[in-house]
Each structure stands twice: as structure tokens, then as C-alpha cells.
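Novice: Pasting data38.pdb below, which is PDB, C-alpha atoms and all ligand atoms.
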```
ATOM      1  CA  MET A   6      42.945 -48.030  -6.818  1.00  0.00           C
ATOM      2  CA  PHE A   7      40.316 -47.812  -4.085  1.00  0.00           C
ATOM      3  CA  ASN A   8      41.323 -44.515  -2.517  1.00  0.00           C
ATOM      4  CA  ASP A   9      39.241 -42.395  -4.841  1.00  0.00           C
ATOM      5  CA  ASN A  10      35.738 -41.802  -3.510  1.00  0.00           C
ATOM      6  CA  SER A  11      34.476 -41.236  -7.025  1.00  0.00           C
ATOM      7  CA  ASP A  12      35.247 -44.867  -7.940  1.00  0.00           C
ATOM      8  CA  ASN A  13      31.623 -45.923  -8.236  1.00  0.00           C
ATOM      9  CA  SER A  14      32.184 -48.749 -10.657  1.00  0.00           C
ATOM     10  CA  GLN A  15      29.335 -51.158 -11.246  1.00  0.00           C
ATOM     11  CA  SER A  16      30.113 -54.641  -9.915  1.00  0.00           C
ATOM     12  CA  ILE A  17      29.380 -57.569 -12.209  1.00  0.00           C
ATOM     13  CA  ALA A  18      27.561 -60.547 -10.716  1.00  0.00           C
ATOM     14  CA  PRO A  19      29.255 -63.924 -10.960  1.00  0.00           C
ATOM     15  CA  ALA A  20      27.450 -66.078 -13.564  1.00  0.00           C
ATOM     16  CA  GLY A  21      24.040 -67.237 -12.348  1.00  0.00           C
ATOM     17  CA  ILE A  22      24.372 -65.445  -9.005  1.00  0.00           C
ATOM     18  CA  PRO A  23      21.750 -62.951  -7.721  1.00  0.00           C
ATOM     19  CA  PHE A  24      22.473 -59.260  -8.281  1.00  0.00           C
ATOM     20  CA  SER A  25      20.916 -56.209  -6.623  1.00  0.00           C
ATOM     21  CA  GLN A  26      20.744 -53.021  -8.668  1.00  0.00           C
ATOM     22  CA  ALA A  27      19.678 -51.148  -5.506  1.00  0.00           C
ATOM     23  CA  CYS A  28      23.014 -52.078  -3.896  1.00  0.00           C
ATOM     24  CA  GLU A  29      24.855 -50.732  -6.908  1.00  0.00           C
ATOM     25  CA  ASN A  30      22.919 -47.472  -6.676  1.00  0.00           C
ATOM     26  CA  ASN A  31      23.367 -46.891  -2.952  1.00  0.00           C
ATOM     27  CA  LYS A  32      26.823 -48.365  -2.252  1.00  0.00           C
ATOM     28  CA  GLN A  33      28.832 -45.191  -2.853  1.00  0.00           C
ATOM     29  CA  PRO A  34      26.551 -42.830  -0.861  1.00  0.00           C
ATOM     30  CA  ILE A  35      26.605 -45.346   2.016  1.00  0.00           C
ATOM     31  CA  LEU A  36      30.380 -45.748   1.802  1.00  0.00           C
ATOM     32  CA  ASP A  37      30.800 -41.969   1.968  1.00  0.00           C
ATOM     33  CA  VAL A  38      29.094 -42.013   5.385  1.00  0.00           C
ATOM     34  CA  LEU A  39      30.808 -45.193   6.609  1.00  0.00           C
ATOM     35  CA  GLN A  40      34.224 -43.686   5.891  1.00  0.00           C
ATOM     36  CA  LYS A  41      33.339 -40.973   8.390  1.00  0.00           C
ATOM     37  CA  GLU A  42      31.348 -42.948  10.955  1.00  0.00           C
ATOM     38  CA  LEU A  43      33.604 -46.045  11.073  1.00  0.00           C
ATOM     39  CA  ARG A  44      36.870 -44.101  11.274  1.00  0.00           C
ATOM     40  CA  GLU A  45      37.606 -45.498  14.726  1.00  0.00           C
ATOM     41  CA  SER A  46      36.087 -48.958  14.322  1.00  0.00           C
ATOM     42  CA  THR A  47      38.059 -52.176  14.010  1.00  0.00           C
ATOM     43  CA  HIS A  48      35.570 -55.052  13.714  1.00  0.00           C
ATOM     44  CA  VAL A  49      32.258 -54.610  11.908  1.00  0.00           C
ATOM     45  CA  LEU A  50      29.433 -57.131  11.831  1.00  0.00           C
ATOM     46  CA  GLU A  51      27.000 -56.781   8.935  1.00  0.00           C
ATOM     47  CA  VAL A  52      23.546 -58.223   9.622  1.00  0.00           C
ATOM     48  CA  GLY A  53      21.475 -59.325   6.606  1.00  0.00           C
ATOM     49  CA  SER A  54      24.265 -59.110   4.022  1.00  0.00           C
ATOM     50  CA  GLY A  55      21.860 -60.171   1.255  1.00  0.00           C
ATOM     51  CA  THR A  56      23.797 -60.757  -1.962  1.00  0.00           C
ATOM     52  CA  GLY A  57      27.050 -59.634  -0.325  1.00  0.00           C
ATOM     53  CA  GLN A  58      27.479 -56.784  -2.810  1.00  0.00           C
ATOM     54  CA  HIS A  59      27.791 -54.150  -0.096  1.00  0.00           C
ATOM     55  CA  SER A  60      30.479 -56.153   1.663  1.00  0.00           C
ATOM     56  CA  VAL A  61      32.639 -56.593  -1.441  1.00  0.00           C
ATOM     57  CA  TYR A  62      32.457 -52.861  -2.102  1.00  0.00           C
ATOM     58  CA  PHE A  63      33.014 -51.652   1.464  1.00  0.00           C
ATOM     59  CA  ALA A  64      35.696 -54.029   2.800  1.00  0.00           C
ATOM     60  CA  PRO A  65      38.464 -53.121   0.312  1.00  0.00           C
ATOM     61  CA  ARG A  66      37.743 -49.435   0.846  1.00  0.00           C
ATOM     62  CA  LEU A  67      37.815 -49.624   4.655  1.00  0.00           C
ATOM     63  CA  THR A  68      41.016 -51.647   4.865  1.00  0.00           C
ATOM     64  CA  TYR A  69      41.818 -50.760   8.478  1.00  0.00           C
ATOM     65  CA  LEU A  70      38.850 -52.810   9.777  1.00  0.00           C
ATOM     66  CA  THR A  71      37.467 -56.328   9.363  1.00  0.00           C
ATOM     67  CA  TRP A  72      34.065 -56.811   7.712  1.00  0.00           C
ATOM     68  CA  GLN A  73      32.143 -59.846   8.966  1.00  0.00           C
ATOM     69  CA  THR A  74      29.130 -60.697   6.813  1.00  0.00           C
ATOM     70  CA  SER A  75      26.122 -62.616   8.118  1.00  0.00           C
ATOM     71  CA  ASP A  76      22.694 -63.731   7.002  1.00  0.00           C
ATOM     72  CA  VAL A  77      20.301 -66.641   7.100  1.00  0.00           C
ATOM     73  CA  LEU A  78      21.834 -69.789   5.590  1.00  0.00           C
ATOM     74  CA  ALA A  79      19.860 -69.509   2.349  1.00  0.00           C
ATOM     75  CA  HIS A  80      21.965 -66.486   1.337  1.00  0.00           C
ATOM     76  CA  HIS A  81      25.390 -67.922   2.107  1.00  0.00           C
ATOM     77  CA  SER A  82      26.147 -69.448  -1.280  1.00  0.00           C
ATOM     78  CA  THR A  83      25.378 -66.134  -2.990  1.00  0.00           C
ATOM     79  CA  ILE A  84      27.506 -64.144  -0.534  1.00  0.00           C
ATOM     80  CA  ASN A  85      30.360 -66.638  -0.898  1.00  0.00           C
ATOM     81  CA  ALA A  86      30.155 -66.433  -4.698  1.00  0.00           C
ATOM     82  CA  TRP A  87      30.449 -62.629  -4.553  1.00  0.00           C
ATOM     83  CA  HIS A  88      33.378 -62.933  -2.133  1.00  0.00           C
ATOM     84  CA  THR A  89      35.126 -65.337  -4.497  1.00  0.00           C
ATOM     85  CA  ALA A  90      34.626 -62.920  -7.385  1.00  0.00           C
ATOM     86  CA  TYR A  91      35.760 -59.883  -5.338  1.00  0.00           C
ATOM     87  CA  PRO A  92      38.062 -61.168  -2.597  1.00  0.00           C
ATOM     88  CA  ALA A  93      39.544 -58.912   0.067  1.00  0.00           C
ATOM     89  CA  PRO A  94      41.751 -59.895   3.015  1.00  0.00           C
ATOM     90  CA  SER A  95      39.515 -58.164   5.555  1.00  0.00           C
ATOM     91  CA  LEU A  96      36.264 -59.614   4.206  1.00  0.00           C
ATOM     92  CA  TYR A  97      34.961 -62.582   6.182  1.00  0.00           C
ATOM     93  CA  ALA A  98      32.690 -65.400   4.968  1.00  0.00           C
ATOM     94  CA  PRO A  99      29.118 -65.191   6.264  1.00  0.00           C
ATOM     95  CA  LEU A 100      28.109 -66.269   9.718  1.00  0.00           C
ATOM     96  CA  ALA A 101      24.774 -68.003  10.131  1.00  0.00           C
ATOM     97  CA  PHE A 102      22.727 -65.329  11.853  1.00  0.00           C
ATOM     98  CA  ASP A 103      18.977 -65.855  11.873  1.00  0.00           C
ATOM     99  CA  LEU A 104      16.928 -63.727  14.242  1.00  0.00           C
ATOM    100  CA  GLU A 105      14.083 -66.201  13.849  1.00  0.00           C
ATOM    101  CA  VAL A 106      16.070 -69.159  15.178  1.00  0.00           C
ATOM    102  CA  ASP A 107      16.841 -68.526  18.828  1.00  0.00           C
ATOM    103  CA  PRO A 108      19.929 -66.415  18.119  1.00  0.00           C
ATOM    104  CA  LEU A 109      22.900 -66.645  20.408  1.00  0.00           C
ATOM    105  CA  PRO A 110      24.416 -63.523  21.861  1.00  0.00           C
ATOM    106  CA  ILE A 111      26.435 -62.068  18.976  1.00  0.00           C
ATOM    107  CA  SER A 112      29.791 -62.490  20.733  1.00  0.00           C
ATOM    108  CA  LEU A 113      29.123 -66.208  21.314  1.00  0.00           C
ATOM    109  CA  ALA A 114      27.800 -66.811  17.812  1.00  0.00           C
ATOM    110  CA  SER A 115      30.948 -65.472  16.195  1.00  0.00           C
ATOM    111  CA  ASN A 116      33.591 -65.644  18.932  1.00  0.00           C
ATOM    112  CA  GLN A 117      34.459 -62.024  18.194  1.00  0.00           C
ATOM    113  CA  LEU A 118      33.798 -58.661  19.822  1.00  0.00           C
ATOM    114  CA  TYR A 119      32.484 -55.980  17.475  1.00  0.00           C
ATOM    115  CA  ASP A 120      32.671 -52.235  17.846  1.00  0.00           C
ATOM    116  CA  ALA A 121      30.202 -51.632  15.032  1.00  0.00           C
ATOM    117  CA  VAL A 122      27.175 -53.336  13.511  1.00  0.00           C
ATOM    118  CA  PHE A 123      25.876 -52.344  10.069  1.00  0.00           C
ATOM    119  CA  THR A 124      22.568 -53.391   8.568  1.00  0.00           C
ATOM    120  CA  ALA A 125      20.928 -52.191   5.350  1.00  0.00           C
ATOM    121  CA  ASN A 126      17.338 -52.623   4.250  1.00  0.00           C
ATOM    122  CA  THR A 127      16.466 -55.153   6.904  1.00  0.00           C
ATOM    123  CA  LEU A 128      14.200 -53.422   9.437  1.00  0.00           C
ATOM    124  CA  HIS A 129      11.296 -53.138   6.978  1.00  0.00           C
ATOM    125  CA  ILE A 130      11.681 -56.805   5.976  1.00  0.00           C
ATOM    126  CA  ILE A 131      11.747 -58.522   9.380  1.00  0.00           C
ATOM    127  CA  SER A 132       8.825 -58.398  11.823  1.00  0.00           C
ATOM    128  CA  TRP A 133       8.750 -55.798  14.615  1.00  0.00           C
ATOM    129  CA  LEU A 134       9.408 -58.645  17.077  1.00  0.00           C
ATOM    130  CA  LEU A 135      12.646 -59.417  15.243  1.00  0.00           C
ATOM    131  CA  VAL A 136      13.549 -55.719  15.076  1.00  0.00           C
ATOM    132  CA  GLU A 137      13.268 -55.708  18.888  1.00  0.00           C
ATOM    133  CA  GLN A 138      15.361 -58.871  19.039  1.00  0.00           C
ATOM    134  CA  LEU A 139      18.039 -57.318  16.840  1.00  0.00           C
ATOM    135  CA  PHE A 140      18.337 -54.163  18.961  1.00  0.00           C
ATOM    136  CA  GLU A 141      18.549 -56.235  22.133  1.00  0.00           C
ATOM    137  CA  LEU A 142      21.352 -58.407  20.703  1.00  0.00           C
ATOM    138  CA  VAL A 143      23.263 -55.442  19.310  1.00  0.00           C
ATOM    139  CA  GLY A 144      22.837 -53.439  22.521  1.00  0.00           C
ATOM    140  CA  ASP A 145      24.312 -56.361  24.463  1.00  0.00           C
ATOM    141  CA  ALA A 146      27.111 -56.997  21.965  1.00  0.00           C
ATOM    142  CA  LEU A 147      28.514 -53.495  21.566  1.00  0.00           C
ATOM    143  CA  ALA A 148      31.002 -51.991  23.970  1.00  0.00           C
ATOM    144  CA  ILE A 149      30.496 -48.409  25.186  1.00  0.00           C
ATOM    145  CA  ASN A 150      30.819 -46.008  22.206  1.00  0.00           C
ATOM    146  CA  GLY A 151      30.265 -48.874  19.742  1.00  0.00           C
ATOM    147  CA  LYS A 152      27.995 -47.993  16.829  1.00  0.00           C
ATOM    148  CA  LEU A 153      24.902 -49.465  15.244  1.00  0.00           C
ATOM    149  CA  ILE A 154      24.454 -48.128  11.703  1.00  0.00           C
ATOM    150  CA  VAL A 155      21.116 -48.718  10.011  1.00  0.00           C
ATOM    151  CA  TYR A 156      20.321 -47.852   6.394  1.00  0.00           C
ATOM    152  CA  GLY A 157      16.892 -47.910   4.789  1.00  0.00           C
ATOM    153  CA  PRO A 158      13.566 -46.094   4.453  1.00  0.00           C
ATOM    154  CA  PHE A 159      11.841 -44.752   7.593  1.00  0.00           C
ATOM    155  CA  ASN A 160       8.694 -42.764   8.307  1.00  0.00           C
ATOM    156  CA  GLU A 161       9.074 -39.462  10.108  1.00  0.00           C
ATOM    157  CA  ASN A 162       6.479 -37.833  12.358  1.00  0.00           C
ATOM    158  CA  ARG A 163       4.352 -40.932  11.623  1.00  0.00           C
ATOM    159  CA  HIS A 164       4.168 -40.008   7.928  1.00  0.00           C
ATOM    160  CA  TYR A 165       5.720 -41.432   4.806  1.00  0.00           C
ATOM    161  CA  THR A 166       8.581 -39.294   3.583  1.00  0.00           C
ATOM    162  CA  SER A 167       7.546 -39.788  -0.068  1.00  0.00           C
ATOM    163  CA  ALA A 168       4.813 -41.224  -2.268  1.00  0.00           C
ATOM    164  CA  ARG A 169       7.337 -43.801  -3.445  1.00  0.00           C
ATOM    165  CA  ASN A 170       7.896 -45.019   0.120  1.00  0.00           C
ATOM    166  CA  GLN A 171       4.131 -45.226   0.613  1.00  0.00           C
ATOM    167  CA  GLN A 172       3.822 -47.479  -2.450  1.00  0.00           C
ATOM    168  CA  PHE A 173       6.757 -49.543  -1.239  1.00  0.00           C
ATOM    169  CA  ASP A 174       5.209 -49.967   2.209  1.00  0.00           C
ATOM    170  CA  ILE A 175       1.890 -51.101   0.735  1.00  0.00           C
ATOM    171  CA  SER A 176       3.649 -53.681  -1.429  1.00  0.00           C
ATOM    172  CA  LEU A 177       5.721 -54.931   1.520  1.00  0.00           C
ATOM    173  CA  ARG A 178       2.629 -55.395   3.698  1.00  0.00           C
ATOM    174  CA  GLN A 179       0.715 -57.143   0.912  1.00  0.00           C
ATOM    175  CA  ARG A 180       3.531 -59.682   0.693  1.00  0.00           C
ATOM    176  CA  ASP A 181       4.014 -60.007   4.467  1.00  0.00           C
ATOM    177  CA  PRO A 182       1.743 -58.155   6.910  1.00  0.00           C
ATOM    178  CA  LYS A 183       4.464 -58.248   9.577  1.00  0.00           C
ATOM    179  CA  SER A 184       6.876 -56.295   7.407  1.00  0.00           C
ATOM    180  CA  GLY A 185       6.691 -52.595   6.555  1.00  0.00           C
ATOM    181  CA  ILE A 186       8.520 -49.300   6.823  1.00  0.00           C
ATOM    182  CA  ARG A 187       9.208 -48.485  10.473  1.00  0.00           C
ATOM    183  CA  HIS A 188       8.566 -45.213  12.272  1.00  0.00           C
ATOM    184  CA  LEU A 189      11.797 -43.431  13.097  1.00  0.00           C
ATOM    185  CA  GLU A 190      10.419 -42.400  16.498  1.00  0.00           C
ATOM    186  CA  ASP A 191       9.707 -46.047  17.440  1.00  0.00           C
ATOM    187  CA  ILE A 192      13.217 -47.067  16.445  1.00  0.00           C
ATOM    188  CA  ILE A 193      14.734 -44.292  18.548  1.00  0.00           C
ATOM    189  CA  VAL A 194      12.693 -45.327  21.615  1.00  0.00           C
ATOM    190  CA  LEU A 195      13.582 -48.998  21.103  1.00  0.00           C
ATOM    191  CA  ALA A 196      17.260 -48.133  20.723  1.00  0.00           C
ATOM    192  CA  GLU A 197      17.239 -46.117  23.954  1.00  0.00           C
ATOM    193  CA  THR A 198      15.939 -49.121  25.889  1.00  0.00           C
ATOM    194  CA  HIS A 199      19.152 -50.889  24.861  1.00  0.00           C
ATOM    195  CA  HIS A 200      21.499 -47.995  25.646  1.00  0.00           C
ATOM    196  CA  LEU A 201      21.816 -46.961  22.016  1.00  0.00           C
ATOM    197  CA  LYS A 202      21.462 -43.219  21.398  1.00  0.00           C
ATOM    198  CA  LEU A 203      20.857 -41.688  17.979  1.00  0.00           C
ATOM    199  CA  SER A 204      24.060 -39.739  17.316  1.00  0.00           C
ATOM    200  CA  ASN A 205      23.631 -38.905  13.620  1.00  0.00           C
ATOM    201  CA  LYS A 206      20.999 -39.090  10.923  1.00  0.00           C
ATOM    202  CA  TYR A 207      21.862 -38.733   7.239  1.00  0.00           C
ATOM    203  CA  GLU A 208      19.388 -38.100   4.448  1.00  0.00           C
ATOM    204  CA  MET A 209      20.275 -40.498   1.634  1.00  0.00           C
ATOM    205  CA  PRO A 210      19.248 -40.736  -2.033  1.00  0.00           C
ATOM    206  CA  ALA A 211      15.862 -42.214  -2.992  1.00  0.00           C
ATOM    207  CA  ASN A 212      14.181 -41.227   0.296  1.00  0.00           C
ATOM    208  CA  ASN A 213      16.340 -43.419   2.467  1.00  0.00           C
ATOM    209  CA  GLN A 214      18.091 -42.568   5.700  1.00  0.00           C
ATOM    210  CA  LEU A 215      21.196 -43.711   7.463  1.00  0.00           C
ATOM    211  CA  LEU A 216      20.867 -43.765  11.244  1.00  0.00           C
ATOM    212  CA  VAL A 217      23.850 -43.956  13.561  1.00  0.00           C
ATOM    213  CA  PHE A 218      23.321 -45.098  17.152  1.00  0.00           C
ATOM    214  CA  GLN A 219      26.076 -45.052  19.736  1.00  0.00           C
ATOM    215  CA  LYS A 220      26.199 -47.283  22.799  1.00  0.00           C
ATOM    216  CA  TYR A 221      26.296 -45.423  26.117  1.00  0.00           C
TER     217      TYR A 221
HETATM  218  C1  LIG A 301      16.050 -56.571   1.568  1.00  0.00           C
HETATM  219  S1  LIG A 301      17.316 -57.668   2.027  1.00  0.00           S
HETATM  220  C2  LIG A 301      18.670 -56.545   2.266  1.00  0.00           C
HETATM  221  C3  LIG A 301      19.967 -57.151   1.876  1.00  0.00           C
HETATM  222  C4  LIG A 301      21.156 -56.202   1.853  1.00  0.00           C
HETATM  223  N1  LIG A 301      21.501 -55.747   3.168  1.00  0.00           N
HETATM  224  C5  LIG A 301      20.883 -55.036   0.953  1.00  0.00           C
HETATM  225  O1  LIG A 301      20.812 -53.904   1.397  1.00  0.00           O
HETATM  226  O2  LIG A 301      20.720 -55.300  -0.257  1.00  0.00           O
HETATM  227  C6  LIG A 301      16.881 -58.134   3.679  1.00  0.00           C
HETATM  228  C7  LIG A 301      17.865 -59.080   4.313  1.00  0.00           C
HETATM  229  O3  LIG A 301      17.397 -59.425   5.627  1.00  0.00           O
HETATM  230  C8  LIG A 301      17.690 -60.780   5.845  1.00  0.00           C
HETATM  231  N2  LIG A 301      16.807 -61.393   6.842  1.00  0.00           N
HETATM  232  C9  LIG A 301      15.497 -61.663   6.713  1.00  0.00           C
HETATM  233  N3  LIG A 301      15.049 -62.305   7.796  1.00  0.00           N
HETATM  234  C10 LIG A 301      16.104 -62.445   8.624  1.00  0.00           C
HETATM  235  C11 LIG A 301      16.269 -63.059   9.891  1.00  0.00           C
HETATM  236  N4  LIG A 301      15.245 -63.689  10.498  1.00  0.00           N
HETATM  237  N5  LIG A 301      17.480 -63.022  10.475  1.00  0.00           N
HETATM  238  C12 LIG A 301      18.523 -62.413   9.864  1.00  0.00           C
HETATM  239  N6  LIG A 301      18.419 -61.823   8.639  1.00  0.00           N
HETATM  240  C13 LIG A 301      17.230 -61.849   8.028  1.00  0.00           C
HETATM  241  C14 LIG A 301      17.433 -61.409   4.476  1.00  0.00           C
HETATM  242  O4  LIG A 301      17.977 -62.694   4.363  1.00  0.00           O
HETATM  243  C15 LIG A 301      18.037 -60.385   3.543  1.00  0.00           C
HETATM  244  O5  LIG A 301      19.385 -60.610   3.303  1.00  0.00           O
END
```
Now that the file is in, can you turn its structure into C-alpha cells?
Specialist:
Amino acid sequence: MFNDNSDNSQSIAPAGIPFSQACENNKQPILDVLQKELRESTHVLEVGSGTGQHSVYFAPRLTYLTWQTSDVLAHHSTINAWHTAYPAPSLYAPLAFDLEVDPLPISLASNQLYDAVFTANTLHIISWLLVEQLFELVGDALAINGKLIVYGPFNENRHYTSARNQQFDISLRQRDPKSGIRHLEDIIVLAETHHLKLSNKYEMPANNQLLVFQKY
């Protein structure tokens, strides 16, 4: 049932549970890349799982690996509700992972070694300080050749890549001045300081990008 890449069915939210239309729109394009980039991975940690919609779509379609969700505690009931509605053997209930609250090294927090970390639409939400924190933790957690996969909007050459991203950035900063679309070049430099090298960059629909970093 799940072997057909064209199976882009819309998930239905459990009653009264938050739903993200953006996740529905981007889940298949992201999966197309993950099926290539995670071919050799076994344990994936997702940071900032949000509603959990990505996890319920990806885990049953990447059955050879485990998918560990995580987020701040406030999101756990939503993620658990989505997992109950769309269960999969390789899909794991969320870990409490809050970059704000003195996070443990990832391997200690979850008692598991990961060879890949995936995060979507988080770097423009959290402060730059927490972006730095995240790269440090992931750089420490991954073994050599492990991958960090980041999806979201980025600026290139210090410019917005679209008028829509510019509007989005303004609205983000009005809500929280510490948030905002990050510069790709800054992310690459930060990653390098934690032994993470940009190995692939995919242009994605709606002016988003998917960045793949590999630990060296
Ligand atoms: C825009 S949502 C993205 C959710 C989901 N990945 C998606 O693409 O729909 C940003 C996510 O970052 C998480 N987040 C915000 N602050 C965080 C923190 N301090 N530590 C860990 N996650 C955080 C939020 O809880 C939320 O799930």
C-alpha cells in the first residue's frame, strides 16, 4: 500500500486535534528526498515534530528504520493523538526535547544512538542561540557519516529567495524578534564548526530548501 511514491493521500486529523495543511502539502516532496538520503540510516531522531503529521507519513514508508519523534512537552498530546490514529511499528512516541531547558546530550536524553536527525521548519522559529545549541548537540550525537537533514526556508547570498519568504520573515519577526529566516551561509559555517558538511541541497516547492549535512 505504501510502496507507491504517488500515494499523496491527505491525512485526516483526529477529532479536535491540531492539523497542519503545510505538512500535507510538503510531506510527499520531503519523503521523495528522504527515501534517497536515508537509504543507509537505521535510527532517525526528528526534532520539533510539531503535530506529528510528518512522522505518521514518513515512518510507514521508510520501514527499514526507526522514527523517533520529539518536541517540547506542550506538543506531546497532539503527536500521540496522531500516532494513535496512524500507528506504525517503527514510529516512536515523542521524547521531551526542549532546547530552551538545558538539554542533555541527545544520546543520554533518549538512550539511543542515531545515524540521522531530521528537522522541518524549526530553524526560523527558534532563536539563533538555540540554532547554535541544536547544531552542537547534533554534531556531538551523530557518528561519522551520520546525517542532519533540515527542511525549511533559507535566504541565499543574504537575500530572500522570494517575496513570499520576505513577507513570512517580517511576520515571524513581528511575533518574535529572535525568530526569522536564517541565512544559508551562516548555517553552513555553523555546521562546519560541528563537523557537519553540506553534502546536498534540494530546491523544494514553495521556496523551501532541504539541506543535508554529513558528519565528518
Ligand atoms: C513551525 S513548527 C514545525 C513543526 C513541524 N516540524 C512541521 O514542519 O510542521 C516549529 C516546531 O519547533 C518546536 N520548537 C520550538 N521551540 C523549541 C525548543 N526550544 N526546543 C525544541 N523544539 C522547539 C515547536 O514546538 C514546533 O513543533
Novice: Can you work out which one of A:Leu215, A:Val49, A:Ala18, A:Ala27 has the shortest atom-to-atom distance to A:His88, counting only C-alpha atoms?
Specialist: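 Using only C-alpha atoms, the shortest distance to A:His88 belongs to A:Ala18.
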Novice: Could you list, as an MDAnalysis selection string, all the residues within 8 Å of ligand LIG 301 (chain A), counting only C-alpha atoms and all ligand atoms?
Specialist: chainID A and resid 25 27:28 52:59 75:77 79:80 102:106 124:131 135 156:157
Novice: Write out as a PyMOL selection string each polymer residue whose atoms come within 12 Å of A:Ser132, counting all atoms listed in the file; drop sequence neighbours fewer than 5 positions from it.
Specialist: chain A and resi 104-105+127+137-139+177-178+181-187
Novice: Could you work out how far atom CA of A:Gly144 lies from atom CA of A:Ile84, giving the answer in Å with one decimal?
Specialist: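 These two atoms are separated by 25.8 Å.
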Novice: To one decimal place in Å, what is the distance between atom CA of A:Pro99 and atom CA of A:Leu50?
Specialist: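 Distance between the two atoms: 9.8 Å.
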Novice: Which is closer to A:Thr89 than all the others in A:Leu43, A:Pro210, A:Leu67, A:Ala20, using only C-alpha atoms?
Specialist: A:Ala20
Novice: Atom CA of A:Thr198 and atom CA of A:Ile35 are how many Å apart?
Specialist: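 Atom CA of A:Ile35 lies 26.4 Å from atom CA of A:Thr198.
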Novice: The PyMOL selection byres (((chain A and resi 44) around 12) and not hetatm) on the file shown: which residues, as a compact mmCIF listing (two decimals) with C-alpha atoms, in the coordinates of the input?
Specialist:
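Written file, result-v1.txt:
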```
# COMPACT_ATOMS: atom_id res chain seq x y z
CA LEU A 36 30.38 -45.75 1.80
CA ASP A 37 30.80 -41.97 1.97
CA VAL A 38 29.09 -42.01 5.38
CA LEU A 39 30.81 -45.19 6.61
CA GLN A 40 34.22 -43.69 5.89
CA LYS A 41 33.34 -40.97 8.39
CA GLU A 42 31.35 -42.95 10.96
CA LEU A 43 33.60 -46.04 11.07
CA GLU A 45 37.61 -45.50 14.73
CA SER A 46 36.09 -48.96 14.32
CA THR A 47 38.06 -52.18 14.01
CA HIS A 48 35.57 -55.05 13.71
CA VAL A 49 32.26 -54.61 11.91
CA ARG A 66 37.74 -49.44 0.85
CA LEU A 67 37.82 -49.62 4.66
CA THR A 68 41.02 -51.65 4.86
CA TYR A 69 41.82 -50.76 8.48
CA LEU A 70 38.85 -52.81 9.78
CA ASP A 120 32.67 -52.24 17.85
CA ALA A 121 30.20 -51.63 15.03
CA GLY A 151 30.26 -48.87 19.74
CA LYS A 152 28.00 -47.99 16.83
```
Novice: For this file, the PyMOL selection byres (((chain A and resi 203) around 6) and not hetatm) selects which residues, as a list in words?
Specialist: Lys202, Ser204, Asn205, Val217 and Phe218 of chain A
Novice: For A:Leu118, find every residue with an atom within 9 Å (counting only C-alpha atoms), except residues of its own chain fewer than 6 positions away, and show them as a list in words.
Specialist: His48, Ile111, Ser112, Ala146, Leu147 and Ala148 of chain A
Novice: Selected residues, C-alpha atoms, written as a PDB file, keeping the file's coordinate frame, please.
Specialist:
```pdb
ATOM      1  CA  HIS A  48      35.570 -55.052  13.714  1.00  0.00           C
ATOM      2  CA  ILE A 111      26.435 -62.068  18.976  1.00  0.00           C
ATOM      3  CA  SER A 112      29.791 -62.490  20.733  1.00  0.00           C
ATOM      4  CA  ALA A 146      27.111 -56.997  21.965  1.00  0.00           C
ATOM      5  CA  LEU A 147      28.514 -53.495  21.566  1.00  0.00           C
ATOM      6  CA  ALA A 148      31.002 -51.991  23.970  1.00  0.00           C
TER       7      ALA A 148
END
```
Novice: Using all atoms listed in the file, find the one residue out of A:Ala93, A:Gln171, A:Ser14, A:Leu134 that sits nearest to A:Asn30.
Specialist: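 Ranking A:Ala93, A:Gln171, A:Ser14, A:Leu134 by distance to A:Asn30, first place goes to A:Ser14.
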Novice: I'd like the neighbourhood of A:Pro110 as a ChimeraX atom specification, where a residue qualifies if any of its atoms comes within 9 Å (using all atoms listed in the file), though same-chain residues fewer than 4 positions away should be ignored.
Specialist: /A:114-115,142-143,145-146
Novice: Return the single residue from A:Leu153, A:Leu96, A:Leu189, A:Leu78 that is closest to A:Phe63, with distances computed using all atoms listed in the file.
Specialist: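 Checking each candidate against A:Phe63, we get A:Leu96 as the closest.
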Novice: As a check of understanding, name the residues that the PyMOL selection byres (((chain A and resi 220) around 6) and not hetatm) selects in the supplied structure, as a PyMOL selection string.
Specialist: chain A and resi 149-151+200-201+219+221
